[in-house]
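Okay, run.txt now, which holds compact mmCIF, C-alpha atoms:
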# COMPACT_ATOMS: atom_id res chain seq x y z
CA MET A 948 101.80 -195.19 -159.43
CA THR A 949 104.86 -196.32 -161.37
CA LEU A 950 106.82 -199.48 -160.59
CA TYR A 951 109.62 -197.31 -159.20
CA GLU A 952 107.21 -195.58 -156.84
CA LYS A 953 105.77 -198.92 -155.70
CA ILE A 954 109.23 -200.28 -154.95
CA MET A 955 110.16 -197.12 -153.04
CA ALA A 956 106.95 -197.45 -151.02
CA ILE A 957 107.98 -201.00 -150.05
CA TYR A 958 111.65 -200.16 -149.49
CA PRO A 959 111.94 -196.42 -148.70
CA GLN A 960 115.59 -196.91 -147.74
CA LEU A 961 116.56 -197.53 -151.37
CA GLU A 962 118.49 -194.76 -153.12
CA GLN A 963 118.67 -193.62 -156.74
CA GLN A 964 122.12 -195.20 -157.02
CA ASP A 965 120.63 -198.62 -156.34
CA PHE A 966 118.66 -198.34 -159.60
CA LEU A 967 121.89 -197.75 -161.52
CA THR A 968 123.71 -200.71 -159.98
CA THR A 969 121.90 -203.61 -158.34
CA ILE A 970 118.35 -202.99 -159.57
CA THR A 971 117.29 -202.50 -163.19
CA LEU A 972 113.80 -201.42 -164.13
CA GLN A 973 112.92 -201.49 -167.81
CA ASN A 974 110.11 -200.66 -170.22
CA ASP A 975 110.32 -201.92 -173.80
CA SER A 976 107.39 -199.76 -174.94
CA ASP A 977 105.55 -202.89 -176.06
CA GLY A 978 102.43 -202.21 -174.03
CA LYS A 979 103.51 -204.40 -171.12
CA GLY A 980 104.69 -201.51 -168.94
CA ASP A 981 107.59 -201.23 -166.50
CA TYR A 982 109.15 -204.44 -165.18
CA ILE A 983 112.07 -205.58 -163.04
CA ALA A 984 114.80 -206.67 -165.46
CA LYS A 985 117.41 -207.28 -162.76
CA TRP A 986 117.30 -207.51 -158.96
CA GLU A 987 120.67 -208.14 -157.29
CA HIS A 988 120.10 -206.06 -154.17
CA THR A 989 120.54 -207.60 -150.73
CA LEU A 990 116.92 -206.75 -150.00
CA PRO A 991 114.57 -209.47 -151.26
CA ARG A 992 112.90 -208.91 -154.62
CA PRO A 993 109.38 -207.61 -153.97
CA THR A 994 106.64 -210.08 -154.75
CA ASP A 995 103.74 -209.44 -157.11
CA GLU A 996 101.49 -209.32 -154.04
CA GLN A 997 103.63 -206.61 -152.42
CA LEU A 998 103.71 -204.59 -155.63
CA GLY A 999 99.99 -204.97 -156.10
CA ALA A 1000 99.30 -203.74 -152.59
CA ALA A 1001 101.74 -200.82 -152.75
CA MET B 1127 141.90 -211.98 -220.13
CA SER B 1128 144.11 -210.70 -217.30
CA SER B 1129 142.65 -207.27 -216.67
CA VAL B 1130 139.82 -204.90 -217.45
CA ILE B 1131 140.44 -201.19 -217.58
CA ILE B 1132 137.49 -198.84 -217.37
CA ALA B 1133 138.18 -195.26 -218.28
CA GLY B 1134 135.85 -192.37 -217.63
CA ASN B 1135 134.52 -190.36 -220.51
CA THR B 1136 134.76 -186.63 -220.80
CA SER B 1137 131.71 -186.18 -218.60
CA GLY B 1138 133.61 -187.77 -215.71
CA THR B 1139 131.02 -190.49 -215.18
CA ILE B 1140 131.41 -194.26 -214.99
CA THR B 1141 128.34 -196.35 -214.27
CA LEU B 1142 128.39 -199.98 -213.10
CA ASP B 1143 124.96 -201.56 -213.00
CA ALA B 1144 124.14 -204.30 -210.50
CA PRO B 1145 122.52 -207.43 -211.97
CA ALA B 1146 118.78 -207.06 -212.44
CA VAL B 1147 117.97 -209.72 -209.84
CA ALA B 1148 115.56 -209.11 -206.98
CA GLY B 1149 117.40 -208.70 -203.68
CA THR B 1150 120.81 -208.10 -205.22
CA THR B 1151 122.33 -205.05 -203.56
CA THR B 1152 126.06 -205.33 -204.11
CA LEU B 1153 128.57 -205.55 -206.89
CA THR B 1154 131.25 -208.09 -205.95
CA LEU B 1155 134.80 -208.27 -207.26
CA PRO B 1156 135.42 -212.02 -206.90
CA THR B 1157 139.20 -212.03 -207.38
CA THR B 1158 139.84 -209.47 -204.65
CA SER B 1159 138.94 -209.32 -200.96
CA GLY B 1160 136.68 -206.32 -201.23
CA THR B 1161 133.03 -205.78 -202.02
CA VAL B 1162 131.74 -202.69 -203.69
CA MET B 1163 128.87 -201.30 -201.64
CA VAL B 1164 125.93 -199.81 -203.48
CA ASN B 1165 123.34 -197.79 -201.57
CA GLY B 1166 123.17 -199.53 -198.19
CA PRO B 1167 120.10 -199.04 -195.99
CA ALA B 1168 119.51 -195.68 -194.32
CA PHE B 1169 116.72 -194.36 -192.14
CA SER B 1170 115.60 -191.37 -190.12
CA ALA B 1171 112.79 -191.31 -187.56
CA ASN B 1172 111.52 -189.09 -184.79
CA THR B 1173 108.75 -188.99 -182.22
CA ALA B 1174 105.13 -188.47 -183.18
CA THR B 1175 103.92 -187.74 -179.64
CA THR B 1176 105.33 -186.97 -176.21
CA GLN B 1177 106.26 -190.04 -174.17
CA SER B 1178 106.22 -190.41 -170.40
CA ILE B 1179 109.39 -191.97 -168.98
CA SER B 1180 109.18 -193.42 -165.47
CA ASN B 1181 111.88 -192.43 -163.00
CA ALA B 1182 114.88 -194.81 -162.82
CA THR B 1183 113.53 -197.02 -165.61
CA TYR B 1184 115.37 -197.89 -168.82
CA THR B 1185 112.72 -197.14 -171.44
CA LYS B 1186 112.62 -197.71 -175.18
CA VAL B 1187 111.90 -194.48 -177.02
CA THR B 1188 108.94 -194.72 -179.36
CA LEU B 1189 109.81 -193.21 -182.76
CA GLY B 1190 106.49 -193.01 -184.55
CA THR B 1191 107.37 -190.79 -187.49
CA GLU B 1192 109.56 -192.08 -190.31
CA VAL B 1193 111.29 -189.32 -192.24
CA PHE B 1194 112.80 -191.83 -194.66
CA ASP B 1195 113.48 -195.55 -194.68
CA THR B 1196 115.27 -196.47 -197.88
CA ASN B 1197 115.14 -200.24 -197.53
CA SER B 1198 112.00 -200.70 -195.40
CA ASN B 1199 114.17 -201.84 -192.47
CA PHE B 1200 112.62 -199.62 -189.79
CA ALA B 1201 109.44 -200.70 -188.00
CA SER B 1202 108.05 -200.52 -184.45
CA SER B 1203 110.82 -198.08 -183.43
CA ARG B 1204 113.40 -200.71 -184.38
CA PHE B 1205 116.00 -200.74 -187.18
CA THR B 1206 116.73 -204.23 -188.52
CA PRO B 1207 119.00 -203.80 -191.54
CA THR B 1208 118.86 -206.58 -194.13
CA VAL B 1209 122.34 -205.91 -195.49
CA ALA B 1210 125.32 -206.97 -193.36
CA GLY B 1211 127.77 -204.21 -192.55
CA TYR B 1212 128.86 -201.42 -190.26
CA TYR B 1213 126.27 -198.77 -189.43
CA GLN B 1214 126.63 -195.22 -188.16
CA ILE B 1215 123.81 -194.57 -185.68
CA ASN B 1216 122.98 -191.12 -184.33
CA ALA B 1217 120.30 -190.14 -181.84
CA GLY B 1218 119.12 -187.24 -179.73
CA ILE B 1219 116.52 -186.73 -177.03
CA PHE B 1220 115.03 -183.78 -175.23
CA TYR B 1221 113.38 -183.87 -171.81
CA ASN B 1222 111.09 -180.95 -171.18
CA THR B 1223 111.15 -181.63 -167.48
CA GLY B 1224 110.16 -178.60 -165.50
CA ALA B 1225 112.32 -177.56 -162.55
CA VAL B 1226 113.96 -180.81 -161.49
CA SER B 1227 117.49 -182.15 -161.34
CA GLY B 1228 119.23 -185.48 -161.79
CA LEU B 1229 120.84 -187.72 -164.35
CA GLY B 1230 119.61 -188.00 -167.91
CA GLN B 1231 120.94 -190.78 -170.11
CA ILE B 1232 120.54 -192.03 -173.68
CA PHE B 1233 121.56 -195.41 -175.06
CA ILE B 1234 121.87 -197.22 -178.36
CA TYR B 1235 120.75 -200.80 -177.83
CA LYS B 1236 121.64 -203.71 -180.12
CA ASN B 1237 119.62 -206.89 -179.71
CA GLY B 1238 118.31 -205.67 -176.36
CA SER B 1239 121.68 -204.76 -174.83
CA GLU B 1240 123.54 -201.47 -174.56
CA VAL B 1241 126.12 -200.67 -177.23
CA ASN B 1242 126.96 -197.14 -176.10
CA GLY B 1243 125.46 -194.53 -173.82
CA THR B 1244 125.95 -190.93 -172.77
CA VAL B 1245 124.93 -189.10 -169.62
CA ASN B 1246 124.13 -185.54 -168.66
CA ASN B 1247 123.76 -184.25 -165.11
CA MET B 1248 121.17 -181.53 -165.32
CA SER B 1249 120.45 -178.80 -162.81
CA ALA B 1250 117.07 -177.31 -161.98
CA SER B 1251 116.87 -175.35 -165.21
CA GLY B 1252 114.08 -177.53 -166.50
CA TYR B 1253 115.47 -178.95 -169.74
CA CYS B 1254 117.76 -181.83 -170.57
CA GLY B 1255 119.16 -182.53 -174.01
CA LEU B 1256 121.22 -185.62 -174.81
CA SER B 1257 122.82 -186.91 -177.97
CA ILE B 1258 124.83 -189.94 -179.02
CA ALA B 1259 126.65 -191.28 -182.06
CA THR B 1260 128.12 -194.71 -182.48
CA LEU B 1261 129.30 -197.22 -185.06
CA THR B 1262 128.17 -200.80 -184.80
CA TYR B 1263 128.09 -203.97 -186.89
CA CYS B 1264 124.81 -205.58 -187.95
CA ASN B 1265 124.68 -209.05 -189.47
CA GLY B 1266 121.94 -208.24 -191.98
CA THR B 1267 119.52 -210.82 -190.64
CA THR B 1268 118.75 -210.80 -186.90
CA ASP B 1269 120.62 -207.81 -185.45
CA TYR B 1270 118.44 -204.83 -184.56
CA ILE B 1271 118.98 -201.35 -183.16
CA GLU B 1272 116.79 -199.41 -180.69
CA LEU B 1273 116.95 -196.18 -178.71
CA TYR B 1274 116.60 -196.24 -174.91
CA THR B 1275 116.66 -193.56 -172.25
CA TYR B 1276 116.93 -193.33 -168.47
CA HIS B 1277 116.59 -190.53 -165.96
CA SER B 1278 116.64 -189.98 -162.21
CA PHE B 1279 114.63 -186.79 -162.02
CA GLY B 1280 112.51 -188.25 -159.21
CA THR B 1281 109.16 -188.52 -160.97
CA ALA B 1282 107.98 -189.55 -164.44
CA GLN B 1283 108.95 -187.00 -167.09
CA ASN B 1284 108.01 -186.43 -170.71
CA VAL B 1285 110.34 -186.49 -173.67
CA SER B 1286 109.24 -184.07 -176.34
CA SER B 1287 107.62 -184.87 -179.66
CA GLY B 1288 108.94 -183.97 -183.08
CA THR B 1289 112.42 -183.48 -184.44
CA THR B 1290 114.17 -183.03 -181.06
CA VAL B 1291 113.81 -186.75 -180.31
CA PHE B 1292 115.22 -188.81 -183.16
CA MET B 1293 117.37 -191.66 -184.38
CA THR B 1294 119.10 -191.88 -187.75
CA GLY B 1295 121.35 -194.51 -189.25
CA ALA B 1296 123.15 -195.48 -192.43
CA MET B 1297 125.46 -198.23 -193.64
CA VAL B 1298 128.98 -196.90 -193.97
CA ARG B 1299 130.92 -200.07 -194.82
CA SER B 1300 129.99 -203.49 -196.04
CA ALA B 1301 130.78 -206.58 -194.00

Could you quickly redo this structure as structure tokens?
Amino acid sequence: MTLYEKIMAIYPQLEQQDFLTTITLQNDSDGKGDYIAKWEHTLPRPTDEQLGAA
Amino acid sequence: MSSVIIAGNTSGTITLDAPAVAGTTTLTLPTTSGTVMVNGPAFSANTATTQSISNATYTKVTLGTEVFDTNSNFASSRFTPTVAGYYQINAGIFYNTGAVSGLGQIFIYKNGSEVNGTVNNMSASGYCGLSIATLTYCNGTTDYIELYTYHSFGTAQNVSSGTTVFMTGAMVRSA
């Protein structure tokens, strides 16, 4: 499951547009995988525990 | 001596040789404001394998095949020119997506931030091609250039391997 899919499982009300504006996911192809580069949404940033359980 | 005039011979050729000093890459005219550029760095690279791009995730494109790299400035899918100047950067990408729809985007990044980007809104035809060209300044020491992409096709999608996913660049003017 990708980071995007985990976030959508936690917050199914999010829309694609949110990931072009208030949320930025990034992958620098350095072996570390996808990560949250920016979270400015009114919903709280998901914790590592939430993402791990998603 | 107030001036030097160099006239071409009948073959139409004039050759100015740079000093034979390691690392010297320019011929400088010290009494004017200009610098004569001689063979600035240039590179061309494309993908060696397909790469999976997660939905809604800005992802650096891995360019594992070097076509040429004249000054050994390209490594780890990153161009870090060692000569200060203005660089023309071109890139293209091809998503072989299957029947999906959404936004496809391509970006030139400098030092981890976007310089320019383009976007294509694809239908359900199953393919998405994107290209970009830009001109940017690099300081010749720390500035570096990378290729990123983004899509909102709903699920992770592959970009193709080979010559349809590429980045090229060349110095077009000295600093």

Requested in this report: Would you give me, as a ChimeraX atom specification, the residues of chain A that come within 7 Å of chain B, using only C-alpha atoms?
Outcome: /A:949,951,963,966,972-976

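From CA of Tyr1221 (chain B) back to CA of Gln1283 (chain B), the distance works out to 7.2 Å.
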
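Note that the spacing between CA of Glu952 (chain A) and CA of Asn1172 (chain B) amounts to 29.0 Å.
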
Report summary line: One decimal place gives the CA of Thr971 (chain A)-CA of Ser1287 (chain B) separation as 26.0 Å

Name all residues at most 12 Å from Thr994 (chain A) (count all atoms listed in the file; drop same-chain ones fewer than 6 positions away) and give them as a PDB file with C-alpha atoms, in the frame of the given file.
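This went into around_22.pdb:
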ATOM      1  CA  LYS A 953     105.770-198.920-155.700  1.00  0.00           C
ATOM      2  CA  ILE A 954     109.230-200.280-154.950  1.00  0.00           C
ATOM      3  CA  ILE A 957     107.980-201.000-150.050  1.00  0.00           C
ATOM      4  CA  ILE A 983     112.070-205.580-163.040  1.00  0.00           C
ATOM      5  CA  TRP A 986     117.300-207.510-158.960  1.00  0.00           C
ATOM      6  CA  ALA A1000      99.300-203.740-152.590  1.00  0.00           C
ATOM      7  CA  ALA A1001     101.740-200.820-152.750  1.00  0.00           C
TER       8      ALA A1001
END

Report task. Compute the distance from (114.4, -183.6, -183.3) to each atom, counting only C-alpha atoms, keep the residues with any atom at most 9 Å away, and return them as a VMD selection string; use the coordinates of the file. Result -> chain B and resid 1171 to 1173 1217 to 1220 1286 to 1293

Please produce an output containing C-alpha atoms for each residue in the selection, written as a tab-separated table (two decimals), keeping the file's coordinate frame.
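Just written: part_10.tsv:
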chain	number	residue	atom	x	y	z
B	1171	ALA	CA	112.79	-191.31	-187.56
B	1172	ASN	CA	111.52	-189.09	-184.79
B	1173	THR	CA	108.75	-188.99	-182.22
B	1217	ALA	CA	120.30	-190.14	-181.84
B	1218	GLY	CA	119.12	-187.24	-179.73
B	1219	ILE	CA	116.52	-186.73	-177.03
B	1220	PHE	CA	115.03	-183.78	-175.23
B	1286	SER	CA	109.24	-184.07	-176.34
B	1287	SER	CA	107.62	-184.87	-179.66
B	1288	GLY	CA	108.94	-183.97	-183.08
B	1289	THR	CA	112.42	-183.48	-184.44
B	1290	THR	CA	114.17	-183.03	-181.06
B	1291	VAL	CA	113.81	-186.75	-180.31
B	1292	PHE	CA	115.22	-188.81	-183.16
B	1293	MET	CA	117.37	-191.66	-184.38

Enclosing box along x, y and z for every listed atom of region 1256-1271 of chain B, padded 8 Å each side, centre and size in Å, one decimal, as lines of an AutoDock Vina configuration file:
center_x = 123.9
center_y = -198.2
center_z = -183.4
size_x = 26.9
size_y = 41.2
size_z = 33.2

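Considering all atoms listed in the file, the residue among A:Lys985, A:Gln997, A:Arg992, A:Met948 positioned nearest to Thr968 (chain A) is A:Lys985.
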
Query - Pro1167 (chain B) environment, 10 Å, all atoms listed in the file, sequence neighbours closer than 6 positions dropped, as a VMD selection string - result: chain B and resid 1151 1195 to 1200 1205 to 1211 1213 1295 to 1298
